[in-house]
file final-v6.txt (compact mmCIF, N, CA and C atoms)
# COMPACT_ATOMS: atom_id res chain seq x y z
N MET A 30 0.83 -1.16 0.00
CA MET A 30 0.00 0.00 0.00
C MET A 30 0.88 1.24 0.00
N LYS A 31 0.52 2.22 -0.79
CA LYS A 31 1.34 3.42 -0.93
C LYS A 31 1.13 4.36 0.25
N ASP A 32 2.24 4.87 0.79
CA ASP A 32 2.16 5.84 1.88
C ASP A 32 1.78 7.21 1.31
N ILE A 33 0.94 7.90 2.03
CA ILE A 33 0.54 9.24 1.64
C ILE A 33 1.29 10.22 2.54
N LYS A 34 1.98 11.15 1.90
CA LYS A 34 2.73 12.14 2.66
C LYS A 34 2.01 13.48 2.57
N ILE A 35 1.72 14.04 3.71
CA ILE A 35 1.09 15.35 3.78
C ILE A 35 2.14 16.33 4.28
N THR A 36 2.46 17.30 3.44
CA THR A 36 3.52 18.24 3.78
C THR A 36 3.08 19.19 4.88
N ALA A 37 4.07 19.81 5.50
CA ALA A 37 3.77 20.80 6.55
C ALA A 37 3.01 21.98 5.96
N ARG A 38 3.33 22.34 4.73
CA ARG A 38 2.64 23.44 4.07
C ARG A 38 1.15 23.11 3.87
N ARG A 39 0.85 21.89 3.47
CA ARG A 39 -0.54 21.47 3.26
C ARG A 39 -1.28 21.44 4.60
N GLN A 40 -0.62 20.95 5.65
CA GLN A 40 -1.24 20.92 6.97
C GLN A 40 -1.58 22.33 7.45
N LYS A 41 -0.64 23.25 7.24
CA LYS A 41 -0.87 24.63 7.65
C LYS A 41 -2.01 25.24 6.86
N LEU A 42 -2.08 24.95 5.56
CA LEU A 42 -3.15 25.47 4.72
C LEU A 42 -4.51 24.94 5.16
N GLU A 43 -4.58 23.66 5.48
CA GLU A 43 -5.84 23.06 5.93
C GLU A 43 -6.27 23.63 7.29
N LEU A 44 -5.32 23.84 8.18
CA LEU A 44 -5.64 24.42 9.47
C LEU A 44 -6.16 25.84 9.31
N LEU A 45 -5.52 26.63 8.45
CA LEU A 45 -5.98 28.00 8.20
C LEU A 45 -7.35 28.01 7.55
N THR A 46 -7.62 27.05 6.68
CA THR A 46 -8.94 26.94 6.06
C THR A 46 -10.00 26.62 7.10
N LEU A 47 -9.70 25.70 8.00
CA LEU A 47 -10.63 25.36 9.08
C LEU A 47 -10.88 26.57 9.98
N LEU A 48 -9.83 27.29 10.33
CA LEU A 48 -9.99 28.48 11.17
C LEU A 48 -10.81 29.55 10.46
N ALA A 49 -10.61 29.70 9.16
CA ALA A 49 -11.40 30.67 8.39
C ALA A 49 -12.87 30.28 8.39
N CYS A 50 -13.17 29.00 8.26
CA CYS A 50 -14.57 28.54 8.30
C CYS A 50 -15.19 28.80 9.66
N ILE A 51 -14.44 28.58 10.72
CA ILE A 51 -14.95 28.84 12.06
C ILE A 51 -15.17 30.34 12.26
N MET A 52 -14.27 31.16 11.73
CA MET A 52 -14.44 32.61 11.84
C MET A 52 -15.67 33.08 11.07
N ILE A 53 -15.91 32.51 9.91
CA ILE A 53 -17.12 32.85 9.14
C ILE A 53 -18.37 32.48 9.94
N ALA A 54 -18.35 31.31 10.57
CA ALA A 54 -19.49 30.89 11.38
C ALA A 54 -19.69 31.84 12.56
N GLU A 55 -18.60 32.27 13.18
CA GLU A 55 -18.71 33.21 14.30
C GLU A 55 -19.23 34.57 13.84
N LEU A 56 -18.78 35.03 12.69
CA LEU A 56 -19.29 36.30 12.16
C LEU A 56 -20.77 36.21 11.83
N LEU A 57 -21.20 35.06 11.32
CA LEU A 57 -22.64 34.88 11.08
C LEU A 57 -23.42 34.89 12.39
N ASN A 58 -22.82 34.36 13.45
CA ASN A 58 -23.46 34.39 14.76
C ASN A 58 -23.58 35.83 15.26
N VAL A 59 -22.54 36.62 15.08
CA VAL A 59 -22.58 38.03 15.48
C VAL A 59 -23.66 38.76 14.68
N TYR A 60 -23.72 38.48 13.38
CA TYR A 60 -24.76 39.11 12.55
C TYR A 60 -26.15 38.74 13.05
N ALA A 61 -26.36 37.47 13.40
CA ALA A 61 -27.67 37.03 13.88
C ALA A 61 -28.01 37.71 15.21
N ILE A 62 -27.03 37.89 16.07
CA ILE A 62 -27.27 38.56 17.35
C ILE A 62 -27.69 40.01 17.10
N ILE A 63 -27.02 40.68 16.19
CA ILE A 63 -27.36 42.07 15.88
C ILE A 63 -28.71 42.16 15.19
N ALA A 64 -28.95 41.31 14.20
CA ALA A 64 -30.18 41.38 13.41
C ALA A 64 -31.42 41.05 14.24
N TYR A 65 -31.30 40.10 15.16
CA TYR A 65 -32.46 39.67 15.94
C TYR A 65 -32.46 40.22 17.36
N ASP A 66 -31.60 41.21 17.62
CA ASP A 66 -31.55 41.85 18.93
C ASP A 66 -31.33 40.84 20.06
N GLY A 67 -30.42 39.92 19.83
CA GLY A 67 -30.15 38.89 20.83
C GLY A 67 -29.21 39.38 21.91
N LYS A 68 -28.99 38.54 22.88
CA LYS A 68 -28.06 38.86 23.97
C LYS A 68 -26.64 38.51 23.53
N TRP A 69 -25.69 39.35 23.92
CA TRP A 69 -24.30 39.12 23.54
C TRP A 69 -23.70 37.92 24.26
N SER A 70 -24.35 37.45 25.29
CA SER A 70 -23.86 36.25 25.98
C SER A 70 -23.98 35.02 25.07
N GLN A 71 -24.77 35.15 24.01
CA GLN A 71 -24.92 34.03 23.08
C GLN A 71 -23.63 33.74 22.32
N LEU A 72 -22.70 34.70 22.29
CA LEU A 72 -21.41 34.42 21.67
C LEU A 72 -20.71 33.28 22.37
N ILE A 73 -20.88 33.20 23.67
CA ILE A 73 -20.23 32.14 24.45
C ILE A 73 -21.12 30.90 24.56
N THR A 74 -22.40 31.12 24.80
CA THR A 74 -23.27 29.97 25.03
C THR A 74 -23.53 29.16 23.78
N SER A 75 -23.37 29.76 22.60
CA SER A 75 -23.63 29.02 21.36
C SER A 75 -22.35 28.61 20.65
N ILE A 76 -21.24 28.56 21.38
CA ILE A 76 -19.96 28.22 20.76
C ILE A 76 -19.97 26.81 20.18
N GLY A 77 -20.70 25.90 20.80
CA GLY A 77 -20.79 24.53 20.26
C GLY A 77 -21.44 24.50 18.89
N TYR A 78 -22.52 25.27 18.75
CA TYR A 78 -23.19 25.35 17.45
C TYR A 78 -22.30 26.01 16.41
N VAL A 79 -21.58 27.03 16.85
CA VAL A 79 -20.69 27.75 15.93
C VAL A 79 -19.58 26.82 15.45
N LEU A 80 -18.98 26.07 16.35
CA LEU A 80 -17.93 25.13 15.96
C LEU A 80 -18.47 24.05 15.03
N ALA A 81 -19.66 23.54 15.34
CA ALA A 81 -20.25 22.51 14.48
C ALA A 81 -20.53 23.07 13.09
N PHE A 82 -21.05 24.30 13.02
CA PHE A 82 -21.31 24.91 11.73
C PHE A 82 -20.01 25.20 10.99
N GLY A 83 -18.98 25.60 11.72
CA GLY A 83 -17.67 25.83 11.10
C GLY A 83 -17.10 24.56 10.50
N VAL A 84 -17.22 23.46 11.21
CA VAL A 84 -16.74 22.17 10.69
C VAL A 84 -17.58 21.75 9.49
N LEU A 85 -18.88 21.99 9.54
CA LEU A 85 -19.75 21.68 8.40
C LEU A 85 -19.35 22.50 7.17
N LEU A 86 -19.04 23.78 7.38
CA LEU A 86 -18.55 24.61 6.28
C LEU A 86 -17.24 24.05 5.71
N TYR A 87 -16.34 23.64 6.60
CA TYR A 87 -15.06 23.09 6.17
C TYR A 87 -15.25 21.80 5.36
N LEU A 88 -16.13 20.93 5.83
CA LEU A 88 -16.39 19.69 5.11
C LEU A 88 -17.02 19.96 3.75
N SER A 89 -17.92 20.93 3.70
CA SER A 89 -18.55 21.30 2.42
C SER A 89 -17.50 21.85 1.46
N TRP A 90 -16.65 22.72 1.97
CA TRP A 90 -15.58 23.30 1.14
C TRP A 90 -14.63 22.21 0.65
N SER A 91 -14.31 21.26 1.52
CA SER A 91 -13.43 20.15 1.14
C SER A 91 -14.08 19.29 0.06
N ALA A 92 -15.37 19.03 0.18
CA ALA A 92 -16.08 18.24 -0.83
C ALA A 92 -16.07 18.95 -2.17
N LEU A 93 -16.25 20.26 -2.16
CA LEU A 93 -16.19 21.02 -3.42
C LEU A 93 -14.80 20.96 -4.04
N ARG A 94 -13.77 21.08 -3.20
CA ARG A 94 -12.39 21.02 -3.72
C ARG A 94 -12.07 19.65 -4.29
N ILE A 95 -12.52 18.59 -3.62
CA ILE A 95 -12.28 17.23 -4.12
C ILE A 95 -13.01 17.02 -5.44
N THR A 96 -14.26 17.47 -5.52
CA THR A 96 -15.03 17.35 -6.77
C THR A 96 -14.34 18.10 -7.89
N TRP A 97 -13.88 19.31 -7.61
CA TRP A 97 -13.19 20.11 -8.62
C TRP A 97 -11.91 19.41 -9.08
N SER A 98 -11.18 18.82 -8.15
CA SER A 98 -9.94 18.12 -8.49
C SER A 98 -10.22 16.91 -9.38
N ILE A 99 -11.25 16.16 -9.06
CA ILE A 99 -11.61 14.99 -9.87
C ILE A 99 -12.04 15.41 -11.27
N LEU A 100 -12.83 16.46 -11.36
CA LEU A 100 -13.26 16.95 -12.67
C LEU A 100 -12.09 17.43 -13.51
N ARG A 101 -11.12 18.07 -12.88
CA ARG A 101 -9.93 18.52 -13.61
C ARG A 101 -9.13 17.32 -14.13
N LYS A 102 -9.00 16.28 -13.32
CA LYS A 102 -8.27 15.09 -13.74
C LYS A 102 -8.97 14.40 -14.90
N ILE A 103 -10.30 14.35 -14.85
CA ILE A 103 -11.07 13.70 -15.93
C ILE A 103 -10.91 14.48 -17.23
N THR A 104 -10.98 15.80 -17.15
CA THR A 104 -10.85 16.59 -18.38
C THR A 104 -9.44 16.57 -18.93
N LYS A 105 -8.43 16.46 -18.09
CA LYS A 105 -7.05 16.36 -18.57
C LYS A 105 -6.81 15.03 -19.27
N LYS A 106 -7.42 13.95 -18.77
CA LYS A 106 -7.25 12.64 -19.39
C LYS A 106 -7.91 12.55 -20.75
N SER A 107 -9.02 13.27 -20.92
CA SER A 107 -9.75 13.18 -22.19
C SER A 107 -9.08 14.01 -23.29
N LYS A 108 -8.17 14.89 -22.95
CA LYS A 108 -7.50 15.72 -23.97
C LYS A 108 -6.30 15.04 -24.57
call {"tool": "encode", "arguments": {"input": "final-v6.txt", "output": "structure tokens"}}
result
Amino acid sequence: MKDIKITARRQKLELLTLLACIMIAELLNVYAIIAYDGKWSQLITSIGYVLAFGVLLYLSWSALRITWSILRKITKKSK
């Protein structure tokens, strides 16, 4: 079985992507608090939901990147 090597650069990029997704989720939470006149304590009490949504965003983004990569490989083979 072939070993898969993940470079430090790729690991750093994936970590930054995950952090960006979590930040987007947190910003959406702030927007919801402002738009619906919520309590600012919800920034802390809803951190579990924010993290779950951030991970969901990351998984969605990863699925799109994998799909794009597969489509590029298919089109390169057909040329």
call {"tool": "atom_distance", "arguments": {"input": "final-v6.txt", "atom1": "atom C of A:Ala92", "atom2": "atom C of A:Ser75"}}
result
25.6 Å
call {"tool": "closest_residue", "arguments": {"input": "final-v6.txt", "among": "A:Ile95, A:Tyr87, A:Arg101, A:Ile33", "to": "A:Leu48", "atoms": "all atoms listed in the file"}}
result
A:Tyr87
call {"tool": "atom_distance", "arguments": {"input": "final-v6.txt", "atom1": "atom CA of A:Ala54", "atom2": "atom CA of A:Ser70"}}
result
16.2 Å
call {"tool": "atom_distance", "arguments": {"input": "final-v6.txt", "atom1": "atom CA of A:Asp32", "atom2": "atom N of A:Leu85"}}
result
27.6 Å
call {"tool": "select_by_dssp", "arguments": {"input": "final-v6.txt", "residues": "chain A", "states": "alpha helix (DSSP H)", "output": "PDB file with N, CA and C atoms, in the frame of the given file"}}
result
ATOM      1  N   ALA A  37       4.070  19.810   5.500  1.00  0.00           N
ATOM      2  CA  ALA A  37       3.770  20.800   6.550  1.00  0.00           C
ATOM      3  C   ALA A  37       3.010  21.980   5.960  1.00  0.00           C
ATOM      4  N   ARG A  38       3.330  22.340   4.730  1.00  0.00           N
ATOM      5  CA  ARG A  38       2.640  23.440   4.070  1.00  0.00           C
ATOM      6  C   ARG A  38       1.150  23.110   3.870  1.00  0.00           C
ATOM      7  N   ARG A  39       0.850  21.890   3.470  1.00  0.00           N
ATOM      8  CA  ARG A  39      -0.540  21.470   3.260  1.00  0.00           C
ATOM      9  C   ARG A  39      -1.280  21.440   4.600  1.00  0.00           C
ATOM     10  N   GLN A  40      -0.620  20.950   5.650  1.00  0.00           N
ATOM     11  CA  GLN A  40      -1.240  20.920   6.970  1.00  0.00           C
ATOM     12  C   GLN A  40      -1.580  22.330   7.450  1.00  0.00           C
ATOM     13  N   LYS A  41      -0.640  23.250   7.240  1.00  0.00           N
ATOM     14  CA  LYS A  41      -0.870  24.630   7.650  1.00  0.00           C
ATOM     15  C   LYS A  41      -2.010  25.240   6.860  1.00  0.00           C
ATOM     16  N   LEU A  42      -2.080  24.950   5.560  1.00  0.00           N
ATOM     17  CA  LEU A  42      -3.150  25.470   4.720  1.00  0.00           C
ATOM     18  C   LEU A  42      -4.510  24.940   5.160  1.00  0.00           C
ATOM     19  N   GLU A  43      -4.580  23.660   5.480  1.00  0.00           N
ATOM     20  CA  GLU A  43      -5.840  23.060   5.930  1.00  0.00           C
ATOM     21  C   GLU A  43      -6.270  23.630   7.290  1.00  0.00           C
ATOM     22  N   LEU A  44      -5.320  23.840   8.180  1.00  0.00           N
ATOM     23  CA  LEU A  44      -5.640  24.420   9.470  1.00  0.00           C
ATOM     24  C   LEU A  44      -6.160  25.840   9.310  1.00  0.00           C
ATOM     25  N   LEU A  45      -5.520  26.630   8.450  1.00  0.00           N
ATOM     26  CA  LEU A  45      -5.980  28.000   8.200  1.00  0.00           C
ATOM     27  C   LEU A  45      -7.350  28.010   7.550  1.00  0.00           C
ATOM     28  N   THR A  46      -7.620  27.050   6.680  1.00  0.00           N
ATOM     29  CA  THR A  46      -8.940  26.940   6.060  1.00  0.00           C
ATOM     30  C   THR A  46     -10.000  26.620   7.100  1.00  0.00           C
ATOM     31  N   LEU A  47      -9.700  25.700   8.000  1.00  0.00           N
ATOM     32  CA  LEU A  47     -10.630  25.360   9.080  1.00  0.00           C
ATOM     33  C   LEU A  47     -10.880  26.570   9.980  1.00  0.00           C
ATOM     34  N   LEU A  48      -9.830  27.290  10.330  1.00  0.00           N
ATOM     35  CA  LEU A  48      -9.990  28.480  11.170  1.00  0.00           C
ATOM     36  C   LEU A  48     -10.810  29.550  10.460  1.00  0.00           C
ATOM     37  N   ALA A  49     -10.610  29.700   9.160  1.00  0.00           N
ATOM     38  CA  ALA A  49     -11.400  30.670   8.390  1.00  0.00           C
ATOM     39  C   ALA A  49     -12.870  30.280   8.390  1.00  0.00           C
ATOM     40  N   CYS A  50     -13.170  29.000   8.260  1.00  0.00           N
ATOM     41  CA  CYS A  50     -14.570  28.540   8.300  1.00  0.00           C
ATOM     42  C   CYS A  50     -15.190  28.800   9.660  1.00  0.00           C
ATOM     43  N   ILE A  51     -14.440  28.580  10.720  1.00  0.00           N
ATOM     44  CA  ILE A  51     -14.950  28.840  12.060  1.00  0.00           C
ATOM     45  C   ILE A  51     -15.170  30.340  12.260  1.00  0.00           C
ATOM     46  N   MET A  52     -14.270  31.160  11.730  1.00  0.00           N
ATOM     47  CA  MET A  52     -14.440  32.610  11.840  1.00  0.00           C
ATOM     48  C   MET A  52     -15.670  33.080  11.070  1.00  0.00           C
ATOM     49  N   ILE A  53     -15.910  32.510   9.910  1.00  0.00           N
ATOM     50  CA  ILE A  53     -17.120  32.850   9.140  1.00  0.00           C
ATOM     51  C   ILE A  53     -18.370  32.480   9.940  1.00  0.00           C
ATOM     52  N   ALA A  54     -18.350  31.310  10.570  1.00  0.00           N
ATOM     53  CA  ALA A  54     -19.490  30.890  11.380  1.00  0.00           C
ATOM     54  C   ALA A  54     -19.690  31.840  12.560  1.00  0.00           C
ATOM     55  N   GLU A  55     -18.600  32.270  13.180  1.00  0.00           N
ATOM     56  CA  GLU A  55     -18.710  33.210  14.300  1.00  0.00           C
ATOM     57  C   GLU A  55     -19.230  34.570  13.840  1.00  0.00           C
ATOM     58  N   LEU A  56     -18.780  35.030  12.690  1.00  0.00           N
ATOM     59  CA  LEU A  56     -19.290  36.300  12.160  1.00  0.00           C
ATOM     60  C   LEU A  56     -20.770  36.210  11.830  1.00  0.00           C
ATOM     61  N   LEU A  57     -21.200  35.060  11.320  1.00  0.00           N
ATOM     62  CA  LEU A  57     -22.640  34.880  11.080  1.00  0.00           C
ATOM     63  C   LEU A  57     -23.420  34.890  12.390  1.00  0.00           C
ATOM     64  N   ASN A  58     -22.820  34.360  13.450  1.00  0.00           N
ATOM     65  CA  ASN A  58     -23.460  34.390  14.760  1.00  0.00           C
ATOM     66  C   ASN A  58     -23.580  35.830  15.260  1.00  0.00           C
ATOM     67  N   VAL A  59     -22.540  36.620  15.080  1.00  0.00           N
ATOM     68  CA  VAL A  59     -22.580  38.030  15.480  1.00  0.00           C
ATOM     69  C   VAL A  59     -23.660  38.760  14.680  1.00  0.00           C
ATOM     70  N   TYR A  60     -23.720  38.480  13.380  1.00  0.00           N
ATOM     71  CA  TYR A  60     -24.760  39.110  12.550  1.00  0.00           C
ATOM     72  C   TYR A  60     -26.150  38.740  13.050  1.00  0.00           C
ATOM     73  N   ALA A  61     -26.360  37.470  13.400  1.00  0.00           N
ATOM     74  CA  ALA A  61     -27.670  37.030  13.880  1.00  0.00           C
ATOM     75  C   ALA A  61     -28.010  37.710  15.210  1.00  0.00           C
ATOM     76  N   ILE A  62     -27.030  37.890  16.070  1.00  0.00           N
ATOM     77  CA  ILE A  62     -27.270  38.560  17.350  1.00  0.00           C
ATOM     78  C   ILE A  62     -27.690  40.010  17.100  1.00  0.00           C
ATOM     79  N   ILE A  63     -27.020  40.680  16.190  1.00  0.00           N
ATOM     80  CA  ILE A  63     -27.360  42.070  15.880  1.00  0.00           C
ATOM     81  C   ILE A  63     -28.710  42.160  15.190  1.00  0.00           C
ATOM     82  N   ALA A  64     -28.950  41.310  14.200  1.00  0.00           N
ATOM     83  CA  ALA A  64     -30.180  41.380  13.410  1.00  0.00           C
ATOM     84  C   ALA A  64     -31.420  41.050  14.240  1.00  0.00           C
ATOM     85  N   GLN A  71     -24.770  35.150  24.010  1.00  0.00           N
ATOM     86  CA  GLN A  71     -24.920  34.030  23.080  1.00  0.00           C
ATOM     87  C   GLN A  71     -23.630  33.740  22.320  1.00  0.00           C
ATOM     88  N   LEU A  72     -22.700  34.700  22.290  1.00  0.00           N
ATOM     89  CA  LEU A  72     -21.410  34.420  21.670  1.00  0.00           C
ATOM     90  C   LEU A  72     -20.710  33.280  22.370  1.00  0.00           C
ATOM     91  N   ILE A  73     -20.880  33.200  23.670  1.00  0.00           N
ATOM     92  CA  ILE A  73     -20.230  32.140  24.450  1.00  0.00           C
ATOM     93  C   ILE A  73     -21.120  30.900  24.560  1.00  0.00           C
ATOM     94  N   THR A  74     -22.400  31.120  24.800  1.00  0.00           N
ATOM     95  CA  THR A  74     -23.270  29.970  25.030  1.00  0.00           C
ATOM     96  C   THR A  74     -23.530  29.160  23.780  1.00  0.00           C
ATOM     97  N   ILE A  76     -21.240  28.560  21.380  1.00  0.00           N
ATOM     98  CA  ILE A  76     -19.960  28.220  20.760  1.00  0.00           C
ATOM     99  C   ILE A  76     -19.970  26.810  20.180  1.00  0.00           C
ATOM    100  N   GLY A  77     -20.700  25.900  20.800  1.00  0.00           N
ATOM    101  CA  GLY A  77     -20.790  24.530  20.260  1.00  0.00           C
ATOM    102  C   GLY A  77     -21.440  24.500  18.890  1.00  0.00           C
ATOM    103  N   TYR A  78     -22.520  25.270  18.750  1.00  0.00           N
ATOM    104  CA  TYR A  78     -23.190  25.350  17.450  1.00  0.00           C
ATOM    105  C   TYR A  78     -22.300  26.010  16.410  1.00  0.00           C
ATOM    106  N   VAL A  79     -21.580  27.030  16.850  1.00  0.00           N
ATOM    107  CA  VAL A  79     -20.690  27.750  15.930  1.00  0.00           C
ATOM    108  C   VAL A  79     -19.580  26.820  15.450  1.00  0.00           C
ATOM    109  N   LEU A  80     -18.980  26.070  16.350  1.00  0.00           N
ATOM    110  CA  LEU A  80     -17.930  25.130  15.960  1.00  0.00           C
ATOM    111  C   LEU A  80     -18.470  24.050  15.030  1.00  0.00           C
ATOM    112  N   ALA A  81     -19.660  23.540  15.340  1.00  0.00           N
ATOM    113  CA  ALA A  81     -20.250  22.510  14.480  1.00  0.00           C
ATOM    114  C   ALA A  81     -20.530  23.070  13.090  1.00  0.00           C
ATOM    115  N   PHE A  82     -21.050  24.300  13.020  1.00  0.00           N
ATOM    116  CA  PHE A  82     -21.310  24.910  11.730  1.00  0.00           C
ATOM    117  C   PHE A  82     -20.010  25.200  10.990  1.00  0.00           C
ATOM    118  N   GLY A  83     -18.980  25.600  11.720  1.00  0.00           N
ATOM    119  CA  GLY A  83     -17.670  25.830  11.100  1.00  0.00           C
ATOM    120  C   GLY A  83     -17.100  24.560  10.500  1.00  0.00           C
ATOM    121  N   VAL A  84     -17.220  23.460  11.210  1.00  0.00           N
ATOM    122  CA  VAL A  84     -16.740  22.170  10.690  1.00  0.00           C
ATOM    123  C   VAL A  84     -17.580  21.750   9.490  1.00  0.00           C
ATOM    124  N   LEU A  85     -18.880  21.990   9.540  1.00  0.00           N
ATOM    125  CA  LEU A  85     -19.750  21.680   8.400  1.00  0.00           C
ATOM    126  C   LEU A  85     -19.350  22.500   7.170  1.00  0.00           C
ATOM    127  N   LEU A  86     -19.040  23.780   7.380  1.00  0.00           N
ATOM    128  CA  LEU A  86     -18.550  24.610   6.280  1.00  0.00           C
ATOM    129  C   LEU A  86     -17.240  24.050   5.710  1.00  0.00           C
ATOM    130  N   TYR A  87     -16.340  23.640   6.600  1.00  0.00           N
ATOM    131  CA  TYR A  87     -15.060  23.090   6.170  1.00  0.00           C
ATOM    132  C   TYR A  87     -15.250  21.800   5.360  1.00  0.00           C
ATOM    133  N   LEU A  88     -16.130  20.930   5.830  1.00  0.00           N
ATOM    134  CA  LEU A  88     -16.390  19.690   5.110  1.00  0.00           C
ATOM    135  C   LEU A  88     -17.020  19.960   3.750  1.00  0.00           C
ATOM    136  N   SER A  89     -17.920  20.930   3.700  1.00  0.00           N
ATOM    137  CA  SER A  89     -18.550  21.300   2.420  1.00  0.00           C
ATOM    138  C   SER A  89     -17.500  21.850   1.460  1.00  0.00           C
ATOM    139  N   TRP A  90     -16.650  22.720   1.970  1.00  0.00           N
ATOM    140  CA  TRP A  90     -15.580  23.300   1.140  1.00  0.00           C
ATOM    141  C   TRP A  90     -14.630  22.210   0.650  1.00  0.00           C
ATOM    142  N   SER A  91     -14.310  21.260   1.520  1.00  0.00           N
ATOM    143  CA  SER A  91     -13.430  20.150   1.140  1.00  0.00           C
ATOM    144  C   SER A  91     -14.080  19.290   0.060  1.00  0.00           C
ATOM    145  N   ALA A  92     -15.370  19.030   0.180  1.00  0.00           N
ATOM    146  CA  ALA A  92     -16.080  18.240  -0.830  1.00  0.00           C
ATOM    147  C   ALA A  92     -16.070  18.950  -2.170  1.00  0.00           C
ATOM    148  N   LEU A  93     -16.250  20.260  -2.160  1.00  0.00           N
ATOM    149  CA  LEU A  93     -16.190  21.020  -3.420  1.00  0.00           C
ATOM    150  C   LEU A  93     -14.800  20.960  -4.040  1.00  0.00           C
ATOM    151  N   ARG A  94     -13.770  21.080  -3.200  1.00  0.00           N
ATOM    152  CA  ARG A  94     -12.390  21.020  -3.720  1.00  0.00           C
ATOM    153  C   ARG A  94     -12.070  19.650  -4.290  1.00  0.00           C
ATOM    154  N   ILE A  95     -12.520  18.590  -3.620  1.00  0.00           N
ATOM    155  CA  ILE A  95     -12.280  17.230  -4.120  1.00  0.00           C
ATOM    156  C   ILE A  95     -13.010  17.020  -5.440  1.00  0.00           C
ATOM    157  N   THR A  96     -14.260  17.470  -5.520  1.00  0.00           N
ATOM    158  CA  THR A  96     -15.030  17.350  -6.770  1.00  0.00           C
ATOM    159  C   THR A  96     -14.340  18.100  -7.890  1.00  0.00           C
ATOM    160  N   TRP A  97     -13.880  19.310  -7.610  1.00  0.00           N
ATOM    161  CA  TRP A  97     -13.190  20.110  -8.620  1.00  0.00           C
ATOM    162  C   TRP A  97     -11.910  19.410  -9.080  1.00  0.00           C
ATOM    163  N   SER A  98     -11.180  18.820  -8.150  1.00  0.00           N
ATOM    164  CA  SER A  98      -9.940  18.120  -8.490  1.00  0.00           C
ATOM    165  C   SER A  98     -10.220  16.910  -9.380  1.00  0.00           C
ATOM    166  N   ILE A  99     -11.250  16.160  -9.060  1.00  0.00           N
ATOM    167  CA  ILE A  99     -11.610  14.990  -9.870  1.00  0.00           C
ATOM    168  C   ILE A  99     -12.040  15.410 -11.270  1.00  0.00           C
ATOM    169  N   LEU A 100     -12.830  16.460 -11.360  1.00  0.00           N
ATOM    170  CA  LEU A 100     -13.260  16.950 -12.670  1.00  0.00           C
ATOM    171  C   LEU A 100     -12.090  17.430 -13.510  1.00  0.00           C
ATOM    172  N   ARG A 101     -11.120  18.070 -12.880  1.00  0.00           N
ATOM    173  CA  ARG A 101      -9.930  18.520 -13.610  1.00  0.00           C
ATOM    174  C   ARG A 101      -9.130  17.320 -14.130  1.00  0.00           C
ATOM    175  N   LYS A 102      -9.000  16.280 -13.320  1.00  0.00           N
ATOM    176  CA  LYS A 102      -8.270  15.090 -13.740  1.00  0.00           C
ATOM    177  C   LYS A 102      -8.970  14.400 -14.900  1.00  0.00           C
ATOM    178  N   ILE A 103     -10.300  14.350 -14.850  1.00  0.00           N
ATOM    179  CA  ILE A 103     -11.070  13.700 -15.930  1.00  0.00           C
ATOM    180  C   ILE A 103     -10.910  14.480 -17.230  1.00  0.00           C
ATOM    181  N   THR A 104     -10.980  15.800 -17.150  1.00  0.00           N
ATOM    182  CA  THR A 104     -10.850  16.590 -18.380  1.00  0.00           C
ATOM    183  C   THR A 104      -9.440  16.570 -18.930  1.00  0.00           C
ATOM    184  N   LYS A 105      -8.430  16.460 -18.090  1.00  0.00           N
ATOM    185  CA  LYS A 105      -7.050  16.360 -18.570  1.00  0.00           C
ATOM    186  C   LYS A 105      -6.810  15.030 -19.270  1.00  0.00           C
ATOM    187  N   LYS A 106      -7.420  13.950 -18.770  1.00  0.00           N
ATOM    188  CA  LYS A 106      -7.250  12.640 -19.390  1.00  0.00           C
ATOM    189  C   LYS A 106      -7.910  12.550 -20.750  1.00  0.00           C
ATOM    190  N   SER A 107      -9.020  13.270 -20.920  1.00  0.00           N
ATOM    191  CA  SER A 107      -9.750  13.180 -22.190  1.00  0.00           C
ATOM    192  C   SER A 107      -9.080  14.010 -23.290  1.00  0.00           C
TER     193      SER A 107
END
